[in-house]
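> Would you mind keeping the following structure in view while I ask a few things?
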Amino acid sequence: MRKLISTKENTWCTGCGNFGLFAAVRKSIQMLHEAGTPMADIVMSAGIGCHGKIFDYLEISGIYGLHGRALATASGVKLANPQLKVLVFGGDGDSLGEGLEHTLFAAKRNMDITLILHNNGNYGLTTGQASPLSIKGFKGLTTPMGNVERPFTPVTLMMEAGASFVGRSYTARIEHLSQMIFQAVNHPGFSFVEVLQPCVSYNNTYQLYNEHCQIMSEIPESEEKARSLAKSADPIYLGIYHQEEIPVYHQQIQDGGASLTRAQRLALLKS
Amino acid sequence: MRKLISTKENTWCTGCGNFGLFAAVRKSIQMLHEAGTPMADIVMSAGIGCHGKIFDYLEISGIYGLHGRALATASGVKLANPQLKVLVFGGDGDSLGEGLEHTLFAAKRNMDITLILHNNGNYGLTTGQASPLSIKGFKGLTTPMGNVERPFTPVTLMMEAGASFVGRSYTARIEHLSQMIFQAVNHPGFSFVEVLQPCVSYNNTYQLYNEHCQIMSEIPESEEKARSLAKSADPIYLGIYHQEEIPVYHQQIQDGGASLTRAQRLALLKS
Amino acid sequence: MSSKIYNVLIGGKAGEGVKKAAQVIADLAVKHGQYIFQTDDYQSLIRGGHNFSLLSISDERTYNTYAKADLIVSFDQRSILRHLEDMAEGALHFCNEGDSEDARVIPLPLSALMKEHYQGPAHISLSAVAIFAALCGISLSALQEIIKAEFRRQVDENIAYAAAIYALIKERYPQGQRSLAANPDLPAKNYTGNQAIALGAYAGGLDYYYGYPMTPASSILHYLAKMRDTHGVYAIHAESELAAINMAIGSAFAGRRSAVGSSGGGFALMQEGFSLAGMVEAPLLCILSSRPGPATGASTYTGQEDLYFALNQGHGEFARIVASPDSFERAFSLAAELLDLAWECQSPAILLTEKQLSESMINLDLPVDDLHPPLSEEAKYTEPYERYALTESGISPLKFPGAGNCAEDDIIKWNSNEHVESGVRTDTAFTIVAMRDKRNRKYESIVKATQKYQRIARYGQGEKLVFAYGSTALELREAQKYLPFRLVVPIYLEPFPFEELSEYQGAEAIVVEHASHPNFARFLKEKLNVKIKTNILRYDGRHFHTEELIQKLKEAFDA
Amino acid sequence: MSSKIYNVLIGGKAGEGVKKAAQVIADLAVKHGQYIFQTDDYQSLIRGGHNFSLLSISDERTYNTYAKADLIVSFDQRSILRHLEDMAEGALHFCNEGDSEDARVIPLPLSALMKEHYQGPAHISLSAVAIFAALCGISLSALQEIIKAEFRRQVDENIAYAAAIYALIKERYPQGQRSLAANPDLPAKNYTGNQAIALGAYAGGLDYYYGYPMTPASSILHYLAKMRDTHGVYAIHAESELAAINMAIGSAFAGRRSAVGSSGGGFALMQEGFSLAGMVEAPLLCILSSRPGPATGASTYTGQEDLYFALNQGHGEFARIVASPDSFERAFSLAAELLDLAWECQSPAILLTEKQLSESMINLDLPVDDLHPPLSEEAKYTEPYERYALTESGISPLKFPGAGNCAEDDIIKWNSNEHVESGVRTDTAFTIVAMRDKRNRKYESIVKATQKYQRIARYGQGEKLVFAYGSTALELREAQKYLPFRLVVPIYLEPFPFEELSEYQGAEAIVVEHASHPNFARFLKEKLNVKIKTNILRYDGRHFHTEELIQKLKEAFDA
Ligand SMILES: Cc1ncc(C[n+]2csc(CCOP(=O)(O)OP(=O)(O)O)c2C)c(N)n1
Ligand SMILES: Cc1ncc(C[n+]2csc(CCOP(=O)(O)OP(=O)(O)O)c2C)c(N)n1
Ligand code: SF4
Ligand code: SF4
Ligand SMILES: [Mg+2]
Ligand SMILES: [Mg+2]
């Protein structure tokens with residue numbers, strides 16, 4: 001298998017949670033490959049933000065689209081070639097702010113793609129503004145007197161939208177995270193992985209997560225249970241919250257057949 | 001009090017649920033007025049769709065904005081003059097499709113405005129395409145072989161997003177609906193009223209609703225209870241699902257003071 | 001006006017089947033060897049209001065409607081009043097008994113007959129079809145056949161009701177009003193402009209169409225959605241126009257031809273995505289069908305106000321193709337061409353049209369055999385594959401992800417940030433320039449690529465020179481039946497076909513367009529230094545009726 | 001070059017405080033009676049990479065930077081290598097001991113001293129400040145004072161560390177490098193272009209600013225956000241640019257002055273809203289600060305590629321104002337003016353600028369007293385109030401909802417659909433035309449309204465004529481210190497100031513712009529038939545250094 005790290009200089013801050021995430025993703029891709037997925041069949045898309053830089057560092061094909069639109073782009077990729085495994089790297093500003101609608105609709109449709117949400121609780125790349133996941137009181141450049149909004153809870157929001165696989169992990173739990181991404185990608189349908197990602201420059205949550213994260217021993221037995229665990233601030237539960245097999249979007253609308261040739265099309269039009 | 005029906009010719013289809021909604025809204029406005037709100041302080045915004053036509057028919061001030069953006073527009077109105085009571089008329093395509101992000105953010109922020117969602121389960125004005133609330137299997141012009149997506153559940157989605165007042169009513173229960181809108185507008189914070197609105201042309205749900213709708217006797221005692229009642233298809237529960245008083249957005253960021261004069265501004269800049 | 005042309009107007013409330021009646025009449029006329037042209041005037045409402053459909057029926061090809069109709073059927077009082085002035089000499093204007101006292105209109109017992117023949121909901125629209133059939137020498141059996149095919153609910157009641165009307169008219173007008181001389185080899189199928197565009201794009205290889213309903217572009221989405229199982233094309237109603245264009249770019253990345261379509265408002269929302277297509281070099285067809293703006297505007301009407309908007313889509317500098325079909329045939333061929341060009345040049349292309357073409361209908365043989373063959377794509381790769389290899393043409397080889405499409409270790413990276421050849425982001429001054437220069441070289445490549453297509457059209461002879469684009473050319477071609485002039489139509493607007501149009505450099509011309517400012521005239525001035533003698537502008541959302549346009553042209557010619 | 005100008009370059013990794021060091025040096029220089037101009041070159045990353053800041057310090061006003069620096073401080077090896085060629089004659093280039101063997105650079109024991117003086121994290125950026133102070137005759141106490149004010153963490157350690165460096169430099173360069181002659185009455189505060197814009201808009205009555213972060217516009221949002229409690233202005237970070245512009249229009253409806261700002265990508269998303277402003281006749285200020293595109297492009301660099309994009313924002317036809325500030329003073333006054341104009345004409349206005357102005361910094365007296373007084377708004381209503389009353393000027397009286405603002409029964413309806421005077425929707429042909437004509441009459445009203453402002457600027461004397469707009473004018477004004485030419489700058493682009501520029505009709509000129517196509521030149525050709533002698537284009541995202549621009553101009557003049 002080829003190297004998964006490109007030669008592009010890495011410009012994440014030293015200590016950024018993205019390094020752990022990156023390591024876990026490489027591990028999961030290796031697992032996918034070892035389990036039989038051709039490397040050519042693994043593609044990604046990414047939003048714009050610190051998270052999106054993984055596009056330059058990770059040596060797989062993909063499309064680095066617009067801020068907030070990575071899931072829409074990825075949906076188009078998947079529909080056009082359902083054989084591809086499509087990983088999407090989104091930021092919390094990106095996927096739950098600018099691009100919120102695409103995230104909820106990908107879940108609603110049960111598009112067979114995987115969203116890896118870099119939850120760093122702020123807009124990193126634009127130097128630390130409050131994001132849709134910033135806690136109340138967060139001080140950033142656009143909220144110098146403190147954020148007055150309440151954050152979304154991504155796990156329950158995505159369950160509500162209809163995601164058929166929902167999990168949470170932490171960049172400092174590389175083994176747990178890589179296993180989860182592996183399972184998420186293999187899950188047929190929309191899979192969502194919230195990754196707690198400390199941002200050392202603007203929202204250093206290492207201590208918080210190190211102290212409070214706790215891995216669940218199993219998938220919660222009910223939705224209510226899952227919801228209440230997801231909302232718990234202490235402990236912060238890591239693990240799969242929800243998983244079900246339901247019909248996948250592209251399988252319901254298409255056979256995935258080959259594109260007709262021009263001659264075939266013209267013949268059809270003349271018939 | 002002035003007449004609330006304008007002279008503009010009404011072009012809703014005969015039998016459209018919007019007539020009931022319109023009647024209920026007029027009643028609620030009358031109640032608001034009688035309870036002391038000046039008519040000049042009641043304003044609206046509306047999306048583009050059959051629902052939006054209420055803008056032309058209802059004789060109150062407002063802004064008829066873009067498809068999907070009514071809540072953003074309304075948020076700007078409210079921030080600029082917090083004394084106004086702001087009613088937003090949204091369609092299911094409008095507020096949960098094109099403009100989904102604004103709807104969730106208005107809830108998340110607890111903006112003190114009221115969203116009245118005309119849930120007719122399709123895009124009426126553009127002649128009956130599937131909407132974000134269309135049931136699976138719905139046949140419309142964009143889903144001639146049947147919709148393959150699952151609908152959102154607006155009540156639980158809005159609870160998840162953070163709405164502090166969430167209710168459901170039905171256009172054929174004018175008394176119930178008008179009471180609910182009255183309460184919603186009086187509620188300090190974001191209030192969301194899902195209105196079951198039969199569309200006689202593309203999604204005639206009168207029989208369904210008449211047979212299955214049931215008014216809840218009280219606000220469900222817990223979130224779980226509320227969620228499970230909201231998801232029930234038979235009976236379809238009408239009533240307030242959730243209500244809590246939490247800090248309102250505009251009060252947290254501003255004193256609502258008057259705009260400074262130019263002279264005051266220039267003096268400040270020179271100081 | 002031309003005695004050959006028989007003009008029909010059907011008017012009534014939305015929901016009464018006005019448009020449907022006109023379509024069925026058009027079908028009947030075509031079946032009886034006539035050329036047809038149909039246009040509908042309706043508002044953004046589902047029931048009520050006032051809709052009317054105009055239909056020109058003729059032995060020769062017609063391109064437009066006329067203000068004065070020979071046959072009018074009004075389903076309600078508003079229609080009667082609205083269209084009293086629209087009666088040509090000798091016109092028959094029918095209405096429901098009791099709807100009018102006016103001597104010029106002819107009451108028929110439509111309600112009475114509906115009561116008699118229907119138990120449940122009745123179809124008033126059928127009356128217009130039956131009246132037409134009876135007046136134009138169409139047999140009862142032909143009438144019944146088409147009713148069976150086109151009005152499938154309450155078939156027996158429909159047939160009985162239509163027969164009663166038919167008999168009544170036959171009795172009152174035994175001579176009929178018009179005989180339809182059958183023309184041989186006449187195109188037998190009717191298509192709207194949007195259908196022609198949809199099928200053209202399909203012929204050009206379209207696999208995925210992403211849209212969000214917006215008049216007057218919606219029917220492309222609807223039409224393609226119905227073709228899924230028969231033609232293997234996918235039309236997807238996205239959550240928004242923003243989603244649509246980004247999905248389409250994603251599908252192009254995965255190797256499938258894709259397109260999006262909307263009207264001005266939705267197109268405005270797609271601008272960032274349009275710019276993305278410029279940067280990642282995505283082949284992408286965008287269909288912009290205009291209506292009067294700004295904002296929501298007059299949503300069911302026509303206009304050409306978006307010319308500069310279309311030409312200047314998206315932030316940043318990048319090459320694009322913009323072209324506008326001047327006929328229904330061209331709607332078909334241009335959609336195919338533009339999709340081919342988008343892929344040949346890896347650039348976004350805009351098919352700019354307007355409601356008047358999108359939603360009007362004509363009987364048409366799709367010019368299927370006239371399409372240029374698709375390009376033989378012989379990409380020259382150097383190893384390792386680099387998405388943005390710096391080529392002389394500015395066009396880099398395309399490869400697609402997926403086992404079977406590319407080698408196991410090919411890395412295919414499309415990047416919205418400025419990038420190096422491999423597709424990885426860069427901020428280096430030198431590379432920014434090199435990549436921009438590469439992309440800018442595509443301007444020349446696009447010019448070359450478009451040269452193999454017909455980039456302008458010329459119609460008619462005469463001293464006077466008239467310029468127009470888009471469906472305005474259709475209106476002018478109908479006017480040419482009565483007035484001689486040379487009509488010159490740029491089909492391609494960007495790149496501008498300077499070669500073909502060089503002879504008009506500095507020429508004096510009349511420019512006709514549907515906008516309140518002479519935008520197209522300004523464009524011609526900038527490109528060709530054309531001296532504008534007169535601007536004929538219409539901007540009330542309506543098309544020109546032939547009579548009016550002739551009048552305006554005469555005034556301009558005589559000025 | 002001019003011996004008066006002292007150029008400083010600080011280079012290092014993002015996160016090392018490069019920009020901060022330059023800003024503090026700028027502060028010190030200003031405090032010591034010098035004019036400053038600062039520009040930062042950085043990438044879209046938070047730590048690492050290579051950033052550098054350029055600072056021109058002079059006895060007279062400076063408008064641009066120079067390629068060659070007199071003092072360079074490199075915090076890392078990459079900076080040393082990148083900037084070896086950027087040393088002016090006699091330049092001092094300092095670095096950390098061990099970072100370079102090159103004889104041209106001067107190693108200092110920075111790390112050793114940091115170890116000595118800091119227990120925790122050290123501030124390498126302080127070294128540059130201390131070196132500058134020591135070389136430019138600034139007293140140790142002045143240095144300590146500014147450190148106390150500007151580096152508030154670890155103050156004692158900072159002061160000790162800076163003092164050590166200061167002593168070291170004083171010892172090695174007892175003569176210093178430069179003496180800063182104090183100029184009297186010099187502007188004492190530093191502002192970036194974005195700060196000037198923010199304050200100008202504030203002066204113009206801005207109450208609500210809605211934005212979504214996007215370089216290089218973000219700092220307007222940040223700056224205004226900090227002013228909330230002191231100035232009573234609200235800066236709101238919306239969920240997207242789409243939200244921002246619709247919120248802003250909502251606030252205008254409610255009677256408060258509002259504005260939005262973004263760069264090309266975010267602006268693309270605001271196009272539909274921009275068109276809405278045109279239709280509802282919302283007064284709205286939009287700030288577009290450009291960077292190289294397309295798409296995400298080169299996000300932290302400068303460019304002027306969005307000229308036509310800005311001029312053609314939004315679908316449909318409607319009047320708008322587009323203007324671009326050519327200086328920091330103008331950034332302030334134009335923002336105020338455009339907000340006034342937007343309200344006077346009830347139209348959207350775009351302030352078009354670019355990173356070079358937005359993020360560069362200068363010491364400045366805000367031209368607070370030069371602002372035109374606000375309009376006395378004397379609306380003439382007829383009863384009942386009609387939002388879209390058909391006036392001769394095209395401008396209808398504005399009333400705002402809310403008890404206290406309007407009468408209890410006033411109905412104030414803003415409508416994105418075409419509408420009648422009361423604001424209720426219409427599809428009537430006649431009214432569509434009447435309303436369009438009303439709005440079109442605003443084109444003339446806007447022309448008149450803009451005439452009271454300075455719409456063009458002329459700088460310098462000479463035979464040669466040079467055109468530019470935006471911050472490119474600053475670069476050219478610095479070049480004018482060395483080369484005589486006439487610089488003409490349209491500040492207003494739409495409506496175009498024909499009156500003021502008529503003398504240049506057909507003139508021969510050189511056009512300088514930051515784009516890969518001569519867009520501005522094309523614009524001048526269309527408007528004034530200017531004959532372009534030479535296009536000087538730069539499109540690598542960088543500004544012109546003065547020396548380079550002089551060279552290019554010389555070549556053009558001699559051509
Ligand atoms: C349309 C648009 N708006 C704004 C931006 C500027 N922008 C780039 S990254 C970013 C925020 C990133 O925050 P998040 O998505 O949380 O990513 P992070 O950097 O935290 O990983 C923004 C606003 C953009 N590129 N495009
Ligand atoms: C940006 C944009 N896209 C599309 C449209 C066209 N459009 C008008 S109404 C409508 C759908 C309305 O559906 P819904 O919001 O459910 O309202 P309803 O008619 O059902 O009340 C659409 C897509 C538009 N006006 N603007
Ligand atoms: S700013 Fe935060 S998220 Fe971005 S690279 Fe640095 S630590 Fe990571
Ligand atoms: S289409 Fe449906 S929603 Fe629209 S007016 Fe008719 S019944 Fe009502
Ligand atoms: Mg983030
Ligand atoms: Mg609806």
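Chain labels A, B, ... are given in the sequence in which chains occur in the structure tokens; within each chain residues are numbered consecutively from 1, and ligands are likewise numbered from 1 in the order shown.
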For ligand 6, collect every residue having any atom at a distance of at most 8 Å from a ligand atom (counting only C-alpha atoms and all ligand atoms); output as an mmCIF file with all heavy atoms, in the first residue's frame.


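Full text of pocket_20.cif as output:
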```
data_model
loop_
_atom_site.group_PDB
_atom_site.id
_atom_site.type_symbol
_atom_site.label_atom_id
_atom_site.label_comp_id
_atom_site.auth_asym_id
_atom_site.auth_seq_id
_atom_site.Cartn_x
_atom_site.Cartn_y
_atom_site.Cartn_z
ATOM 1 N N GLY B 49 -43.903 31.016 -1.779
ATOM 2 C CA GLY B 49 -44.666 29.783 -1.893
ATOM 3 C C GLY B 49 -46.120 30.155 -1.694
ATOM 4 O O GLY B 49 -46.439 31.325 -1.433
ATOM 5 N N CYS B 50 -47.014 29.195 -1.771
ATOM 6 C CA CYS B 50 -48.423 29.510 -1.496
ATOM 7 C C CYS B 50 -48.564 30.167 -0.133
ATOM 8 O O CYS B 50 -49.311 31.127 0.036
ATOM 9 C CB CYS B 50 -49.256 28.237 -1.537
ATOM 10 S SG CYS B 50 -49.395 27.542 -3.197
ATOM 11 N N HIS B 51 -47.841 29.647 0.859
ATOM 12 C CA HIS B 51 -47.915 30.200 2.215
ATOM 13 C C HIS B 51 -47.621 31.697 2.216
ATOM 14 O O HIS B 51 -48.243 32.471 2.925
ATOM 15 C CB HIS B 51 -46.918 29.475 3.122
ATOM 16 C CG HIS B 51 -45.492 29.689 2.692
ATOM 17 N ND1 HIS B 51 -44.900 28.924 1.711
ATOM 18 C CD2 HIS B 51 -44.561 30.601 3.069
ATOM 19 C CE1 HIS B 51 -43.666 29.360 1.531
ATOM 20 N NE2 HIS B 51 -43.434 30.372 2.332
ATOM 21 N N GLY B 91 -42.934 28.121 4.480
ATOM 22 C CA GLY B 91 -43.398 26.877 3.878
ATOM 23 C C GLY B 91 -42.485 25.743 4.280
ATOM 24 O O GLY B 91 -41.401 25.974 4.820
ATOM 25 N N ASP B 92 -42.912 24.523 4.051
ATOM 26 C CA ASP B 92 -42.027 23.417 4.432
ATOM 27 C C ASP B 92 -40.824 23.332 3.494
ATOM 28 O O ASP B 92 -39.716 23.011 3.925
ATOM 29 C CB ASP B 92 -42.780 22.088 4.550
ATOM 30 C CG ASP B 92 -43.666 21.765 3.373
ATOM 31 O OD1 ASP B 92 -43.990 22.667 2.579
ATOM 32 O OD2 ASP B 92 -44.045 20.589 3.236
ATOM 33 N N GLY B 93 -41.033 23.677 2.216
ATOM 34 C CA GLY B 93 -39.877 23.738 1.321
ATOM 35 C C GLY B 93 -39.010 24.925 1.696
ATOM 36 O O GLY B 93 -37.777 24.832 1.781
ATOM 37 N N ASP B 94 -39.657 25.980 1.944
ATOM 38 C CA ASP B 94 -39.031 27.257 2.257
ATOM 39 C C ASP B 94 -38.190 27.221 3.535
ATOM 40 O O ASP B 94 -37.004 27.527 3.521
ATOM 41 C CB ASP B 94 -40.217 28.232 2.411
ATOM 42 C CG ASP B 94 -39.844 29.640 2.669
ATOM 43 O OD1 ASP B 94 -39.481 30.320 1.699
ATOM 44 O OD2 ASP B 94 -39.922 30.061 3.829
ATOM 45 N N HIS B 118 -46.293 26.460 7.481
ATOM 46 C CA HIS B 118 -47.394 25.895 6.702
ATOM 47 C C HIS B 118 -46.956 24.517 6.200
ATOM 48 O O HIS B 118 -46.343 24.405 5.139
ATOM 49 C CB HIS B 118 -47.711 26.784 5.498
ATOM 50 C CG HIS B 118 -48.099 28.194 5.822
ATOM 51 N ND1 HIS B 118 -49.173 28.816 5.222
ATOM 52 C CD2 HIS B 118 -47.570 29.119 6.670
ATOM 53 C CE1 HIS B 118 -49.274 30.059 5.676
ATOM 54 N NE2 HIS B 118 -48.312 30.263 6.549
ATOM 55 N N ASN B 119 -47.241 23.514 6.960
ATOM 56 C CA ASN B 119 -46.823 22.166 6.554
ATOM 57 C C ASN B 119 -47.881 21.544 5.657
ATOM 58 O O ASN B 119 -48.856 20.947 6.114
ATOM 59 C CB ASN B 119 -46.594 21.295 7.790
ATOM 60 C CG ASN B 119 -46.247 19.863 7.388
ATOM 61 O OD1 ASN B 119 -46.142 19.551 6.193
ATOM 62 N ND2 ASN B 119 -46.070 19.003 8.380
ATOM 63 N N ASN B 120 -47.657 21.694 4.350
ATOM 64 C CA ASN B 120 -48.563 21.062 3.389
ATOM 65 C C ASN B 120 -47.896 19.889 2.682
ATOM 66 O O ASN B 120 -48.399 19.378 1.680
ATOM 67 C CB ASN B 120 -49.115 22.084 2.380
ATOM 68 C CG ASN B 120 -48.011 22.724 1.563
ATOM 69 O OD1 ASN B 120 -46.847 22.360 1.723
ATOM 70 N ND2 ASN B 120 -48.370 23.644 0.688
ATOM 71 N N GLY B 121 -46.734 19.507 3.187
ATOM 72 C CA GLY B 121 -46.087 18.292 2.686
ATOM 73 C C GLY B 121 -45.692 18.318 1.227
ATOM 74 O O GLY B 121 -45.485 17.259 0.626
ATOM 75 N N ASN B 122 -45.608 19.487 0.673
ATOM 76 C CA ASN B 122 -45.126 19.583 -0.716
ATOM 77 C C ASN B 122 -44.806 21.032 -1.036
ATOM 78 O O ASN B 122 -45.012 21.920 -0.217
ATOM 79 C CB ASN B 122 -46.152 19.027 -1.706
ATOM 80 C CG ASN B 122 -47.249 20.021 -2.057
ATOM 81 O OD1 ASN B 122 -47.255 20.628 -3.129
ATOM 82 N ND2 ASN B 122 -48.196 20.217 -1.137
ATOM 83 N N TYR B 123 -44.239 21.240 -2.215
ATOM 84 C CA TYR B 123 -44.047 22.581 -2.738
ATOM 85 C C TYR B 123 -45.313 22.910 -3.514
ATOM 86 O O TYR B 123 -45.480 22.459 -4.641
ATOM 87 C CB TYR B 123 -42.883 22.628 -3.732
ATOM 88 C CG TYR B 123 -41.495 22.506 -3.160
ATOM 89 C CD1 TYR B 123 -41.143 21.498 -2.279
ATOM 90 C CD2 TYR B 123 -40.507 23.406 -3.533
ATOM 91 C CE1 TYR B 123 -39.853 21.403 -1.783
ATOM 92 C CE2 TYR B 123 -39.211 23.306 -3.046
ATOM 93 C CZ TYR B 123 -38.900 22.303 -2.169
ATOM 94 O OH TYR B 123 -37.623 22.200 -1.689
ATOM 95 N N GLY B 124 -46.173 23.703 -2.908
ATOM 96 C CA GLY B 124 -47.445 23.965 -3.562
ATOM 97 C C GLY B 124 -47.300 24.867 -4.781
ATOM 98 O O GLY B 124 -47.677 24.501 -5.884
ATOM 99 N N LEU B 125 -46.726 26.015 -4.563
ATOM 100 C CA LEU B 125 -46.740 27.034 -5.606
ATOM 101 C C LEU B 125 -46.040 26.594 -6.879
ATOM 102 O O LEU B 125 -46.427 26.988 -7.983
ATOM 103 C CB LEU B 125 -46.097 28.333 -5.093
ATOM 104 C CG LEU B 125 -46.318 29.555 -5.967
ATOM 105 C CD1 LEU B 125 -47.797 29.894 -6.072
ATOM 106 C CD2 LEU B 125 -45.543 30.753 -5.440
ATOM 107 N N SER B 131 -41.406 17.791 -0.787
ATOM 108 C CA SER B 131 -40.751 18.750 0.100
ATOM 109 C C SER B 131 -40.016 17.978 1.195
ATOM 110 O O SER B 131 -40.136 16.761 1.294
ATOM 111 C CB SER B 131 -41.806 19.661 0.727
ATOM 112 O OG SER B 131 -42.401 19.014 1.841
#
```

> Residues of chain B no more than 9 Å from chain C, counting only C-alpha atoms: send them over as number ranges by chain.

B: 9-14, 48-50, 65-67, 93, 96-100, 123-127, 129-132, 140-145, 201

> Kindly provide the residues of chain B that approach chain A to within 9 Å, each paired with its closest atom pair and their distance in Å to one decimal, based on only C-alpha atoms, listed by chain and increasing number, as JSON lines.


```
{"residue": "B:Leu96", "atom": "CA", "partner": "A:Glu101", "partner_atom": "CA", "distance": 8.5}
{"residue": "B:Gly97", "atom": "CA", "partner": "A:Glu101", "partner_atom": "CA", "distance": 7.4}
{"residue": "B:Glu98", "atom": "CA", "partner": "A:Glu101", "partner_atom": "CA", "distance": 7.9}
{"residue": "B:Gly99", "atom": "CA", "partner": "A:Glu101", "partner_atom": "CA", "distance": 7.8}
{"residue": "B:Leu100", "atom": "CA", "partner": "A:Glu101", "partner_atom": "CA", "distance": 5.7}
{"residue": "B:Glu101", "atom": "CA", "partner": "A:Glu101", "partner_atom": "CA", "distance": 5.7}
{"residue": "B:Leu104", "atom": "CA", "partner": "A:Leu100", "partner_atom": "CA", "distance": 8.9}
{"residue": "B:Phe105", "atom": "CA", "partner": "A:Gly97", "partner_atom": "CA", "distance": 8.6}
{"residue": "B:Lys108", "atom": "CA", "partner": "A:Arg150", "partner_atom": "CA", "distance": 6.2}
{"residue": "B:Arg109", "atom": "CA", "partner": "A:Glu149", "partner_atom": "CA", "distance": 5.1}
{"residue": "B:Asn110", "atom": "CA", "partner": "A:Glu149", "partner_atom": "CA", "distance": 7.9}
{"residue": "B:Pro132", "atom": "CA", "partner": "A:Phe105", "partner_atom": "CA", "distance": 8.7}
{"residue": "B:Met145", "atom": "CA", "partner": "A:Ile253", "partner_atom": "CA", "distance": 8.9}
{"residue": "B:Val148", "atom": "CA", "partner": "A:Gln252", "partner_atom": "CA", "distance": 6.5}
{"residue": "B:Glu149", "atom": "CA", "partner": "A:Arg109", "partner_atom": "CA", "distance": 5.1}
{"residue": "B:Arg150", "atom": "CA", "partner": "A:Lys108", "partner_atom": "CA", "distance": 6.2}
{"residue": "B:Pro151", "atom": "CA", "partner": "A:Lys108", "partner_atom": "CA", "distance": 7.4}
{"residue": "B:Phe152", "atom": "CA", "partner": "A:Ala161", "partner_atom": "CA", "distance": 6.5}
{"residue": "B:Thr153", "atom": "CA", "partner": "A:Glu160", "partner_atom": "CA", "distance": 8.1}
{"residue": "B:Thr156", "atom": "CA", "partner": "A:Glu160", "partner_atom": "CA", "distance": 7.3}
{"residue": "B:Leu157", "atom": "CA", "partner": "A:Glu160", "partner_atom": "CA", "distance": 6.2}
{"residue": "B:Glu160", "atom": "CA", "partner": "A:Leu157", "partner_atom": "CA", "distance": 6.2}
{"residue": "B:Ala161", "atom": "CA", "partner": "A:Phe152", "partner_atom": "CA", "distance": 6.6}
{"residue": "B:Gly162", "atom": "CA", "partner": "A:Arg150", "partner_atom": "CA", "distance": 7.9}
{"residue": "B:Glu224", "atom": "CA", "partner": "A:Glu224", "partner_atom": "CA", "distance": 6.7}
{"residue": "B:Pro247", "atom": "CA", "partner": "A:Val148", "partner_atom": "CA", "distance": 8.9}
{"residue": "B:Tyr249", "atom": "CA", "partner": "A:Val148", "partner_atom": "CA", "distance": 7.0}
{"residue": "B:Gln252", "atom": "CA", "partner": "A:Val148", "partner_atom": "CA", "distance": 6.6}
{"residue": "B:Ile253", "atom": "CA", "partner": "A:Val148", "partner_atom": "CA", "distance": 7.5}
```

> Name all residues at most 8 Å from range 69-74 of chain B (count only C-alpha atoms; drop same-chain ones fewer than 6 positions away) and give them as a PyMOL selection string.

(chain B and resi 44-47+63+86-90+94-95+98-99+102-103+106+113+115) or (chain D and resi 242-244+246-251)

> Write out as a ChimeraX atom specification each polymer residue whose atoms come within 9 Å of range 145-152 of chain C, counting only C-alpha atoms; drop sequence neighbours fewer than 5 positions from it.

/C:20,24,27-28,123,126,129,140,158-159,162

> Interatomic distance between CA of Ser271 in chain B and CA of Tyr208 in chain D?

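Computed distance, CA of Ser271 in chain B to CA of Tyr208 in chain D, equals 22.0 Å.
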
> So what do you get for CA of Tyr118 in chain C versus CA of Gly137 in chain C, distance-wise?

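Distance reported for this atom pair: 26.0 Å.
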
> Write out as a ChimeraX atom specification all residues of range 397-489 of chain D that backbone DSSP assigns to helix (DSSP H, G or I).

/D:429-450,472-479
